[in-house]
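Asks: Got a file for you: entry-v8.tsv, TSV, C-alpha atoms and all ligand atoms.
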```
chain	number	residue	atom	x	y	z
A	1	MET	CA	31.75	22.60	-28.05
A	2	SER	CA	32.60	25.77	-26.17
A	3	GLN	CA	35.87	27.60	-26.72
A	4	GLN	CA	36.91	26.85	-23.15
A	5	ALA	CA	36.36	23.10	-23.36
A	6	GLU	CA	38.11	22.97	-26.71
A	7	THR	CA	41.34	24.31	-25.23
A	8	LEU	CA	41.17	22.42	-21.94
A	9	SER	CA	43.72	19.65	-21.74
A	10	VAL	CA	43.33	16.93	-19.10
A	11	PRO	CA	46.35	14.63	-18.97
A	12	ALA	CA	46.00	11.11	-17.57
A	13	LEU	CA	48.38	12.13	-14.78
A	14	ASP	CA	49.81	15.49	-13.70
A	15	LEU	CA	52.66	15.06	-11.25
A	16	LYS	CA	53.71	18.69	-11.53
A	17	ALA	CA	50.54	19.89	-9.79
A	18	GLN	CA	51.39	17.79	-6.74
A	19	TYR	CA	55.04	18.90	-6.69
A	20	LEU	CA	54.07	22.57	-6.87
A	21	SER	CA	51.78	22.14	-3.86
A	22	ILE	CA	54.66	20.87	-1.66
A	23	ARG	CA	57.69	22.34	-3.42
A	24	ASP	CA	59.19	24.12	-0.40
A	25	GLU	CA	59.00	21.04	1.81
A	26	ILE	CA	60.48	18.80	-0.86
A	27	ASP	CA	63.25	21.16	-1.88
A	28	ALA	CA	64.32	21.54	1.75
A	29	VAL	CA	64.69	17.81	2.40
A	30	VAL	CA	66.42	17.19	-0.91
A	31	ARG	CA	68.89	19.91	-0.02
A	32	GLY	CA	69.32	18.26	3.40
A	33	VAL	CA	70.27	14.93	1.84
A	34	ILE	CA	72.70	16.64	-0.50
A	35	GLU	CA	74.28	18.50	2.41
A	36	SER	CA	74.57	15.25	4.38
A	37	GLN	CA	76.13	13.38	1.42
A	38	TYR	CA	74.54	10.24	2.91
A	39	PHE	CA	72.85	8.73	-0.12
A	40	ILE	CA	72.23	5.02	0.45
A	41	LEU	CA	70.11	3.63	3.33
A	42	GLY	CA	71.00	5.52	6.54
A	43	PRO	CA	68.77	7.66	8.79
A	44	GLU	CA	66.36	8.97	6.13
A	45	VAL	CA	65.63	5.41	5.08
A	46	SER	CA	65.22	4.02	8.59
A	47	ASN	CA	63.00	6.95	9.59
A	48	PHE	CA	60.89	6.42	6.50
A	49	GLU	CA	60.63	2.70	7.28
A	50	ALA	CA	59.45	3.43	10.83
A	51	GLU	CA	56.89	6.00	9.66
A	52	ALA	CA	55.61	3.83	6.80
A	53	ALA	CA	55.29	0.79	9.09
A	54	GLU	CA	53.25	2.88	11.52
A	55	TYR	CA	51.11	4.25	8.69
A	56	CYS	CA	50.27	0.75	7.45
A	57	GLY	CA	49.93	-0.72	10.94
A	58	SER	CA	52.65	-3.25	10.24
A	59	LYS	CA	55.43	-4.24	12.66
A	60	HIS	CA	58.21	-3.96	10.08
A	61	ALA	CA	58.82	-2.08	6.85
A	62	ILE	CA	61.89	-2.57	4.70
A	63	GLY	CA	62.63	-0.05	1.98
A	64	CYS	CA	64.00	-1.41	-1.28
A	65	ALA	CA	64.77	-0.37	-4.83
A	66	SER	CA	61.37	-0.95	-6.49
A	67	GLY	CA	57.96	-2.54	-6.17
A	68	SER	CA	59.21	-5.35	-8.38
A	69	ASP	CA	61.96	-6.14	-5.86
A	70	ALA	CA	59.44	-5.78	-3.04
A	71	LEU	CA	57.67	-8.81	-4.54
A	72	LEU	CA	60.84	-10.76	-5.22
A	73	LEU	CA	62.45	-10.25	-1.79
A	74	PRO	CA	59.72	-11.90	0.35
A	75	LEU	CA	59.32	-14.73	-2.15
A	76	LEU	CA	63.05	-15.47	-1.81
A	77	ALA	CA	62.95	-14.95	1.97
A	78	LEU	CA	60.20	-17.57	2.16
A	79	GLY	CA	62.47	-19.97	0.30
A	80	ILE	CA	60.28	-20.14	-2.80
A	81	GLY	CA	62.12	-21.37	-5.86
A	82	PRO	CA	62.32	-24.00	-8.60
A	83	GLY	CA	59.63	-26.69	-8.37
A	84	ASP	CA	57.29	-24.41	-6.41
A	85	GLU	CA	54.07	-22.80	-7.60
A	86	VAL	CA	52.62	-19.41	-6.70
A	87	VAL	CA	48.98	-18.60	-7.37
A	88	THR	CA	48.28	-15.10	-8.65
A	89	SER	CA	46.17	-12.94	-10.92
A	90	PRO	CA	46.65	-12.84	-14.70
A	91	TYR	CA	45.42	-9.24	-14.72
A	92	SER	CA	48.17	-7.12	-13.21
A	93	PHE	CA	51.35	-5.29	-14.05
A	94	PHE	CA	53.96	-7.71	-15.35
A	95	ALA	CA	56.10	-7.57	-12.18
A	96	THR	CA	53.59	-9.64	-10.20
A	97	ALA	CA	54.25	-12.76	-12.26
A	98	GLY	CA	57.77	-11.68	-13.23
A	99	ALA	CA	58.87	-11.84	-9.59
A	100	VAL	CA	57.54	-15.39	-9.26
A	101	TRP	CA	59.31	-16.44	-12.46
A	102	ARG	CA	62.60	-14.85	-11.31
A	103	THR	CA	62.66	-17.15	-8.26
A	104	GLY	CA	62.41	-20.16	-10.56
A	105	ALA	CA	58.89	-20.95	-9.34
A	106	LYS	CA	55.88	-21.23	-11.65
A	107	PRO	CA	53.15	-18.59	-11.69
A	108	VAL	CA	49.75	-20.28	-11.61
A	109	PHE	CA	47.03	-17.93	-12.76
A	110	VAL	CA	43.48	-17.73	-11.43
A	111	ASP	CA	40.85	-15.60	-13.13
A	112	ILE	CA	39.54	-12.35	-11.68
A	113	GLU	CA	36.21	-10.96	-10.50
A	114	PRO	CA	34.49	-8.96	-13.27
A	115	ASP	CA	33.61	-5.99	-11.05
A	116	THR	CA	36.72	-5.45	-8.89
A	117	TYR	CA	39.28	-6.93	-11.35
A	118	ASN	CA	40.92	-8.67	-8.36
A	119	ILE	CA	41.65	-12.39	-8.13
A	120	ASP	CA	38.45	-14.41	-7.66
A	121	PRO	CA	38.80	-16.24	-4.32
A	122	ALA	CA	36.15	-18.77	-5.39
A	123	LEU	CA	38.53	-20.07	-8.07
A	124	ILE	CA	41.73	-20.26	-6.03
A	125	GLU	CA	41.31	-23.59	-4.33
A	126	ALA	CA	41.06	-25.48	-7.62
A	127	ALA	CA	44.49	-24.10	-8.59
A	128	ILE	CA	46.27	-25.30	-5.44
A	129	THR	CA	48.54	-28.33	-5.67
A	130	PRO	CA	51.06	-29.87	-3.26
A	131	ARG	CA	53.65	-27.60	-4.90
A	132	THR	CA	51.79	-24.35	-4.13
A	133	LYS	CA	53.81	-22.25	-1.69
A	134	ALA	CA	52.10	-18.87	-1.81
A	135	ILE	CA	49.23	-16.76	-3.12
A	136	ILE	CA	49.86	-13.22	-4.39
A	137	PRO	CA	46.58	-11.30	-4.51
A	138	VAL	CA	46.93	-7.94	-6.28
A	139	HIS	CA	45.00	-4.99	-4.84
A	140	LEU	CA	44.36	-3.66	-8.32
A	141	TYR	CA	43.70	0.04	-8.93
A	142	GLY	CA	43.68	0.69	-5.16
A	143	GLN	CA	41.02	-1.71	-3.82
A	144	THR	CA	42.11	-4.69	-1.75
A	145	ALA	CA	41.31	-8.21	-2.81
A	146	ASP	CA	38.86	-10.23	-0.70
A	147	MET	CA	41.47	-11.08	1.90
A	148	ASP	CA	39.38	-13.04	4.44
A	149	LEU	CA	38.52	-15.67	1.85
A	150	ILE	CA	42.09	-15.73	0.50
A	151	ASN	CA	43.67	-16.02	3.96
A	152	ALA	CA	41.25	-18.80	4.91
A	153	ILE	CA	42.37	-20.83	1.88
A	154	ALA	CA	46.04	-20.10	2.63
A	155	THR	CA	45.68	-21.16	6.26
A	156	LYS	CA	43.89	-24.36	5.28
A	157	HIS	CA	46.73	-25.30	2.92
A	158	GLY	CA	49.60	-23.94	5.05
A	159	ILE	CA	50.79	-21.52	2.38
A	160	ALA	CA	51.91	-17.89	2.53
A	161	VAL	CA	50.06	-14.79	1.32
A	162	ILE	CA	52.03	-11.90	-0.16
A	163	GLU	CA	49.92	-8.85	-0.95
A	164	ASP	CA	50.81	-7.01	-4.13
A	165	ALA	CA	49.89	-3.65	-2.64
A	166	ALA	CA	51.86	-1.67	-5.23
A	167	GLN	CA	48.77	0.35	-6.15
A	168	ALA	CA	47.10	0.35	-2.77
A	169	ILE	CA	48.95	2.20	-0.02
A	170	GLY	CA	46.32	3.45	2.44
A	171	ALA	CA	43.62	1.11	1.13
A	172	ALA	CA	41.79	-0.74	3.90
A	173	TYR	CA	39.86	-3.96	4.27
A	174	HIS	CA	37.41	-4.07	7.18
A	175	GLY	CA	39.44	-1.38	8.93
A	176	ARG	CA	42.89	-2.88	8.38
A	177	ARG	CA	45.28	-1.30	5.94
A	178	ALA	CA	46.96	-2.95	2.98
A	179	GLY	CA	50.32	-4.19	4.18
A	180	THR	CA	48.84	-6.00	7.18
A	181	LEU	CA	46.51	-8.39	5.36
A	182	GLY	CA	48.93	-11.24	4.60
A	183	ASP	CA	52.33	-12.57	5.65
A	184	ALA	CA	54.13	-9.84	3.72
A	185	ALA	CA	53.22	-7.06	1.32
A	186	ALA	CA	54.92	-5.32	-1.57
A	187	PHE	CA	54.56	-1.59	-2.21
A	188	SER	CA	55.77	0.43	-5.17
A	189	PHE	CA	56.69	4.08	-5.00
A	190	TYR	CA	56.94	4.45	-8.77
A	191	PRO	CA	56.13	8.11	-9.46
A	192	SER	CA	52.54	7.43	-10.61
A	193	LYS	CA	51.61	5.60	-7.42
A	194	ASN	CA	49.56	7.31	-4.69
A	195	LEU	CA	52.81	7.70	-2.75
A	196	GLY	CA	55.28	8.32	-5.55
A	197	GLY	CA	59.01	8.83	-5.30
A	198	PHE	CA	61.26	10.84	-7.58
A	199	GLY	CA	62.41	7.68	-9.29
A	200	ASP	CA	62.14	3.97	-8.51
A	201	ALA	CA	61.53	2.85	-4.93
A	202	GLY	CA	59.63	0.13	-3.08
A	203	MET	CA	58.93	-1.38	0.33
A	204	VAL	CA	58.10	-4.69	1.95
A	205	THR	CA	55.98	-4.88	5.09
A	206	ALA	CA	55.74	-7.88	7.40
A	207	ASP	CA	54.88	-8.62	11.03
A	208	ASP	CA	57.13	-11.65	11.40
A	209	PRO	CA	60.59	-10.46	12.59
A	210	VAL	CA	62.35	-13.43	11.03
A	211	LEU	CA	60.81	-12.76	7.62
A	212	ALA	CA	61.52	-9.02	7.92
A	213	LYS	CA	65.15	-9.66	8.85
A	214	SER	CA	65.60	-12.03	5.96
A	215	VAL	CA	64.15	-9.47	3.52
A	216	ALA	CA	66.41	-6.76	4.95
A	217	ARG	CA	69.45	-8.98	4.51
A	218	LEU	CA	68.58	-10.10	0.99
A	219	ARG	CA	68.38	-6.46	-0.16
A	220	VAL	CA	72.08	-6.04	0.73
A	221	HIS	CA	73.51	-9.15	-0.93
A	222	GLY	CA	72.62	-11.39	2.01
A	223	MET	CA	75.19	-9.51	4.09
A	224	GLU	CA	75.29	-9.35	7.89
A	225	PRO	CA	77.49	-8.01	9.38
A	226	LYS	CA	79.50	-6.12	6.80
A	227	TYR	CA	81.20	-8.39	4.25
A	228	HIS	CA	79.79	-11.59	5.77
A	229	HIS	CA	77.36	-13.14	3.28
A	230	HIS	CA	74.86	-15.75	4.45
A	231	GLU	CA	73.12	-16.15	1.14
A	232	VAL	CA	73.26	-14.68	-2.33
A	233	GLY	CA	70.95	-11.70	-2.29
A	234	PHE	CA	71.15	-8.66	-4.51
A	235	ASN	CA	71.45	-4.91	-4.39
A	236	SER	CA	67.99	-3.54	-3.71
A	237	ARG	CA	68.92	-0.68	-1.38
A	238	LEU	CA	66.65	2.36	-1.06
A	239	ASP	CA	68.19	5.78	-1.72
A	240	ALA	CA	68.14	8.42	1.02
A	241	LEU	CA	66.84	10.95	-1.53
A	242	GLN	CA	63.81	8.78	-2.28
A	243	ALA	CA	63.19	8.17	1.43
A	244	ALA	CA	63.40	11.91	2.20
A	245	VAL	CA	60.87	12.71	-0.54
A	246	LEU	CA	58.60	9.86	0.52
A	247	ARG	CA	58.66	11.01	4.17
A	248	VAL	CA	57.35	14.42	3.12
A	249	LYS	CA	54.71	12.91	0.84
A	250	LEU	CA	53.56	10.37	3.44
A	251	ARG	CA	52.41	13.27	5.61
A	252	HIS	CA	50.07	14.37	2.80
A	253	LEU	CA	48.93	10.94	1.70
A	254	ASP	CA	45.62	10.79	3.55
A	255	ASP	CA	44.59	14.21	2.20
A	256	TRP	CA	45.49	13.13	-1.32
A	257	THR	CA	43.57	9.89	-0.88
A	258	GLU	CA	40.50	11.87	0.18
A	259	GLY	CA	41.02	14.01	-2.93
A	260	ARG	CA	41.10	10.89	-5.12
A	261	ARG	CA	37.95	9.56	-3.48
A	262	SER	CA	36.20	12.90	-4.07
A	263	VAL	CA	37.23	12.81	-7.73
A	264	ALA	CA	35.84	9.26	-8.01
A	265	ALA	CA	32.56	10.32	-6.38
A	266	ARG	CA	32.30	13.35	-8.67
A	267	TYR	CA	32.97	11.22	-11.77
A	268	ARG	CA	30.17	8.90	-10.68
A	269	ASN	CA	27.71	11.77	-10.18
A	270	LEU	CA	28.53	13.29	-13.54
A	271	PHE	CA	28.27	9.96	-15.37
A	272	VAL	CA	24.96	9.14	-13.70
A	273	ASP	CA	23.58	12.63	-14.35
A	274	ASP	CA	24.30	12.19	-18.04
A	275	GLY	CA	22.91	8.65	-18.19
A	276	LEU	CA	26.34	7.39	-19.19
A	277	ASP	CA	26.39	4.76	-16.47
A	278	ARG	CA	24.16	2.73	-18.82
A	279	LEU	CA	26.88	2.69	-21.46
A	280	ILE	CA	30.00	2.33	-19.36
A	281	THR	CA	30.58	0.32	-16.21
A	282	LEU	CA	31.83	2.48	-13.37
A	283	PRO	CA	34.25	1.26	-10.67
A	284	THR	CA	32.67	-0.35	-7.62
A	285	GLU	CA	33.73	-0.07	-4.01
A	286	ARG	CA	32.81	-3.21	-2.12
A	287	ASP	CA	31.35	-3.05	1.39
A	288	GLY	CA	34.09	-3.03	4.00
A	289	HIS	CA	36.69	-1.83	1.47
A	290	HIS	CA	38.33	1.58	1.46
A	291	HIS	CA	39.32	2.18	-2.17
A	292	VAL	CA	42.21	4.60	-2.72
A	293	PHE	CA	41.70	4.97	-6.50
A	294	ASN	CA	45.24	4.80	-7.79
A	295	GLN	CA	43.34	4.45	-11.06
A	296	TYR	CA	39.78	5.24	-12.11
A	297	VAL	CA	38.99	2.47	-14.56
A	298	VAL	CA	35.74	2.17	-16.49
A	299	ARG	CA	34.60	-0.55	-18.84
A	300	VAL	CA	33.12	-0.08	-22.30
A	301	SER	CA	32.14	-2.71	-24.83
A	302	SER	CA	35.27	-3.97	-26.56
A	303	GLY	CA	34.48	-2.56	-30.00
A	304	ASP	CA	34.29	0.92	-28.56
A	305	ARG	CA	37.32	1.06	-26.31
A	306	ASP	CA	40.01	2.03	-28.76
A	307	ASP	CA	37.70	4.39	-30.67
A	308	LEU	CA	36.81	6.07	-27.37
A	309	ARG	CA	40.50	6.47	-26.53
A	310	ALA	CA	41.13	8.09	-29.90
A	311	HIS	CA	38.15	10.39	-29.42
A	312	LEU	CA	39.40	11.39	-25.97
A	313	ALA	CA	42.87	12.07	-27.34
A	314	GLY	CA	41.25	14.39	-29.90
A	315	ARG	CA	39.63	16.24	-27.00
A	316	LYS	CA	43.00	16.41	-25.20
A	317	VAL	CA	41.89	13.96	-22.54
A	318	GLY	CA	44.58	11.47	-21.58
A	319	SER	CA	43.78	7.82	-20.90
A	320	GLU	CA	45.65	4.55	-20.40
A	321	ILE	CA	45.00	0.84	-20.70
A	322	TYR	CA	45.92	-1.16	-17.59
A	323	TYR	CA	46.58	-3.77	-19.02
A	324	PRO	CA	46.05	-4.61	-22.70
A	325	ILE	CA	47.55	-8.14	-22.60
A	326	PRO	CA	46.84	-10.40	-19.62
A	327	LEU	CA	49.89	-12.05	-18.12
A	328	HIS	CA	49.04	-15.61	-19.25
A	329	LEU	CA	49.22	-14.43	-22.87
A	330	GLN	CA	52.58	-12.67	-22.59
A	331	VAL	CA	55.14	-14.09	-25.01
A	332	CYS	CA	57.71	-14.69	-22.25
A	333	PHE	CA	55.30	-17.05	-20.49
A	334	ALA	CA	54.52	-19.10	-23.63
A	335	SER	CA	56.09	-22.16	-22.02
A	336	LEU	CA	53.23	-22.18	-19.49
A	337	GLY	CA	51.06	-23.30	-22.42
A	338	HIS	CA	48.18	-20.89	-22.04
A	339	LYS	CA	45.89	-19.86	-24.87
A	340	PRO	CA	43.20	-17.22	-25.38
A	341	GLY	CA	40.08	-18.25	-23.50
A	342	ASP	CA	41.91	-19.71	-20.49
A	343	PHE	CA	40.98	-16.73	-18.27
A	344	PRO	CA	38.00	-15.12	-20.00
A	345	ILE	CA	37.21	-12.52	-17.34
A	346	ALA	CA	40.76	-11.17	-17.40
A	347	GLU	CA	40.80	-11.24	-21.20
A	348	ALA	CA	37.52	-9.31	-21.40
A	349	ALA	CA	38.87	-6.74	-18.94
A	350	ALA	CA	42.01	-6.35	-21.03
A	351	ASN	CA	39.84	-5.57	-24.07
A	352	GLU	CA	37.24	-3.37	-22.43
A	353	THR	CA	38.78	-1.26	-19.68
A	354	ILE	CA	40.11	2.27	-19.93
A	355	ALA	CA	41.71	4.34	-17.17
A	356	LEU	CA	40.56	7.95	-17.08
A	357	PRO	CA	42.52	10.87	-15.60
A	358	MET	CA	42.83	10.40	-11.82
A	359	TYR	CA	44.73	12.61	-9.40
A	360	PRO	CA	43.59	14.69	-6.46
A	361	GLU	CA	44.26	18.02	-8.17
A	362	LEU	CA	41.69	17.44	-10.94
A	363	THR	CA	39.30	20.39	-11.11
A	364	ASP	CA	35.57	20.16	-11.55
A	365	GLN	CA	35.94	21.77	-14.96
A	366	ALA	CA	38.44	19.08	-15.96
A	367	LEU	CA	36.12	16.31	-14.77
A	368	ARG	CA	33.22	17.80	-16.69
A	369	HIS	CA	35.38	17.95	-19.78
A	370	VAL	CA	36.29	14.25	-19.45
A	371	VAL	CA	32.70	13.16	-18.87
A	372	GLY	CA	31.38	15.55	-21.52
A	373	SER	CA	33.85	14.18	-24.05
A	374	ILE	CA	32.76	10.61	-23.31
A	375	GLY	CA	29.11	11.62	-23.69
A	376	GLU	CA	29.96	13.25	-26.98
A	377	PHE	CA	31.60	10.02	-28.18
A	378	PHE	CA	28.44	8.01	-27.59
A	379	GLU	CA	26.26	10.78	-28.98
A	380	ASN	CA	28.31	10.72	-32.18
A	381	GLN	CA	27.57	7.03	-32.38
A	382	ALA	CA	23.87	7.82	-31.92
A	383	ILE	CA	23.84	5.44	-28.98
A	384	LEU	CA	22.93	7.89	-26.30
A	385	PRO	CA	19.17	7.61	-26.09
A	386	PHE	CA	18.50	11.08	-24.81
A	387	GLU	CA	20.00	14.51	-24.83
A	388	ARG	CA	22.85	15.04	-22.43
A	389	LYS	CA	22.00	17.60	-19.83
A	390	ARG	CA	24.84	19.22	-18.02
A	391	ASN	CA	28.04	18.25	-19.68
A	392	VAL	CA	27.45	19.38	-23.21
A	393	ALA	CA	30.78	20.97	-23.90
A	401	LIG	C1	50.38	-4.18	-9.38
A	401	LIG	C2	51.83	-3.84	-9.48
A	401	LIG	N1	52.75	-4.72	-9.06
A	401	LIG	C3	54.06	-4.45	-9.11
A	401	LIG	C4	54.53	-3.25	-9.59
A	401	LIG	C5	56.00	-3.04	-9.71
A	401	LIG	O1	56.46	-1.89	-9.09
A	401	LIG	P1	57.75	-1.11	-9.64
A	401	LIG	O2	57.38	-0.48	-10.93
A	401	LIG	O3	58.01	-0.10	-8.55
A	401	LIG	O4	58.85	-2.09	-9.77
A	401	LIG	C6	53.61	-2.28	-10.01
A	401	LIG	C7	54.01	-0.94	-10.48
A	401	LIG	O5	54.46	-0.60	-11.47
A	401	LIG	C8	52.22	-2.58	-9.98
A	401	LIG	O6	51.31	-1.71	-10.39
```
Go ahead and express the file in the form of structure tokens.

Replies:
Amino acid sequence: MSQQAETLSVPALDLKAQYLSIRDEIDAVVRGVIESQYFILGPEVSNFEAEAAEYCGSKHAIGCASGSDALLLPLLALGIGPGDEVVTSPYSFFATAGAVWRTGAKPVFVDIEPDTYNIDPALIEAAITPRTKAIIPVHLYGQTADMDLINAIATKHGIAVIEDAAQAIGAAYHGRRAGTLGDAAAFSFYPSKNLGGFGDAGMVTADDPVLAKSVARLRVHGMEPKYHHHEVGFNSRLDALQAAVLRVKLRHLDDWTEGRRSVAARYRNLFVDDGLDRLITLPTERDGHHHVFNQYVVRVSSGDRDDLRAHLAGRKVGSEIYYPIPLHLQVCFASLGHKPGDFPIAEAAANETIALPMYPELTDQALRHVVGSIGEFFENQAILPFERKRNVA
């Protein structure tokens, strides 16, 4: 290993690099909010909502406190509650099923596709009962689920579709952006998302004005006008500071997305050049999908995954597991009665996937270090059948 590669550190995520590239713009708007002393909702938030709605191509956008609330609010607005069922993926961040549970409804899991890790539309219909009120497809890692098939099932059964687009702002499906592909969509602006705030923040999009109004009211305790409460909502207001930061970042989002897509393409070239695509499964982008690569997730055989992570850590390469325990096996959902083997594709993904560093600022040297370190791992195991060519570090 060369001296240079030995000292190179490639974290899983580097938010500082992005901040430094837009520091003057950000600092100016943050100062503006402080000068205004207008901190909750207000003009920054409504301007952000208008700009984000236009970006997604949706008629309405409602800012809220988090992506988790952005799932909960439309579920409540649609009247979903105890006795109802909501079909969703077992392979997602906890909030997807947590929001369903919080309404009192039951999350009904359907296994995923092995290549995209998104809910498998072919399995949805068998999970629908007279109690099913909605489907929540998750656009995992930044690629939309197969929405035509999902919407066709929803229409047939008269049920709603809420996109979990937390990881997928800017992703498109046959030319239409996430946020316009169902009845409502939930976005997260958690700092690690493609559009990340400086804290927690989220947004709901919807075309239906009645649904949008209901979501907007629920985020302020069901209040309209002031101190008149139509229903019991909660406090899920968006901060002006978050909105101001997000407005600046939204202007850069498409450039950053292109940067992420270039990183993904470069990873693929490097892996293929080294013959590593025979040992790890690379992410796929389906025809008609525009993947925004919130994560770059590869699959290795389950015995190797944790050893590979440890090896990468030793080479100062960060990695993450999204997600090590599928939702149906979480302790808090034990009363649903699931057991290992119920959703084998999701369970295999939980054992075999590893997220590699992914952000637009990654340099070619950093990418070569990541790929070289993975090649080295397999070479140490004497698996790699031939000498690596370019990425010998
Ligand atoms: C798929 C998915 N759904 C929901 C959420 C919840 O968003 P938040 O963390 O902003 O509440 C996240 C993000 O963490 C997510 O990745």

Asks: Using all atoms listed in the file, find the one residue out of A:Lys106, A:His60, A:His228, A:His139 that sits nearest to ligand LIG 401 (chain A).

Replies: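 Checking each of A:Lys106, A:His60, A:His228, A:His139 against ligand LIG 401 (chain A), counting all atoms listed in the file, the winner is A:His139.
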
Asks: Give the centre and edge lengths of an axis-aligned box, in Å to one decimal, that holds all listed atoms of region 294-307 of chain A with 8 Å on each side, as AutoDock Vina command-line options.

Replies:
```
--center_x 38.7 --center_y 0.6 --center_z -19.2 --size_x 29.1 --size_y 25.2 --size_z 38.9
```

Asks: Name the closest residue to ligand LIG 401 (chain A) among the candidates A:Arg176, A:Lys193, A:Arg266, A:Arg219; distances are taken between atoms, counting all atoms listed in the file.

Replies: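 Comparing A:Arg176, A:Lys193, A:Arg266, A:Arg219 against ligand LIG 401 (chain A), the winner is A:Lys193.
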
Asks: As an exercise, work out the distance from CA of Leu362 (chain A) to CA of Val292 (chain A) in Å and give it to one decimal place.

Replies: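 Between CA of Leu362 (chain A) and CA of Val292 (chain A) the gap is 15.3 Å.
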
Asks: Taking all atoms listed in the file into account, which residues are within 8 Å of ligand LIG 401 (chain A), as a PyMOL selection string?

Replies: chain A and resi 65-71+92-96+138-141+164-167+186-190+193+200-202

Asks: Ranking A:Lys316, A:Lys16, A:Arg23, A:Lys133 by minimum distance to Gly158 (chain A) and counting all atoms listed in the file, which one comes first?

Replies: A:Lys133

Asks: Report, in Å with one decimal, the straight-line distance from CA of Leu308 (chain A) to CA of Phe377 (chain A).

Replies: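 Computing the Euclidean distance for CA of Leu308 (chain A) and CA of Phe377 (chain A) yields 6.6 Å.
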
Asks: With all atoms listed in the file as the counted atoms, please give the residues lying no more than 10 Å from Thr363 (chain A), apart from itself and same-chain residues fewer than 4 positions off, as a list in words.

Replies: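 So, after excluding close chain neighbours, the residues are Val10, Val263, Tyr359, Leu367, Arg368 and His369 of chain A.
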
Asks: What gap, in Å, lies between CA of Phe293 (chain A) and CA of Arg261 (chain A)?

Replies: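 Result for CA of Phe293 (chain A) versus CA of Arg261 (chain A): 6.7 Å, one decimal.
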
Asks: A:Glu85, A:Asp115, A:Glu163, A:Glu35: which is nearest Val297 (chain A), counting only C-alpha atoms?

Replies: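 Of the candidates, the smallest distance to Val297 (chain A) is held by A:Asp115.
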
Asks: Out of A:Gly275, A:Pro11, A:Pro357, A:Pro283, which residue has the shortest atom-to-atom distance to Gly375 (chain A) when counting only C-alpha atoms?

Replies: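 Smallest separation from Gly375 (chain A) among the options: A:Gly275.
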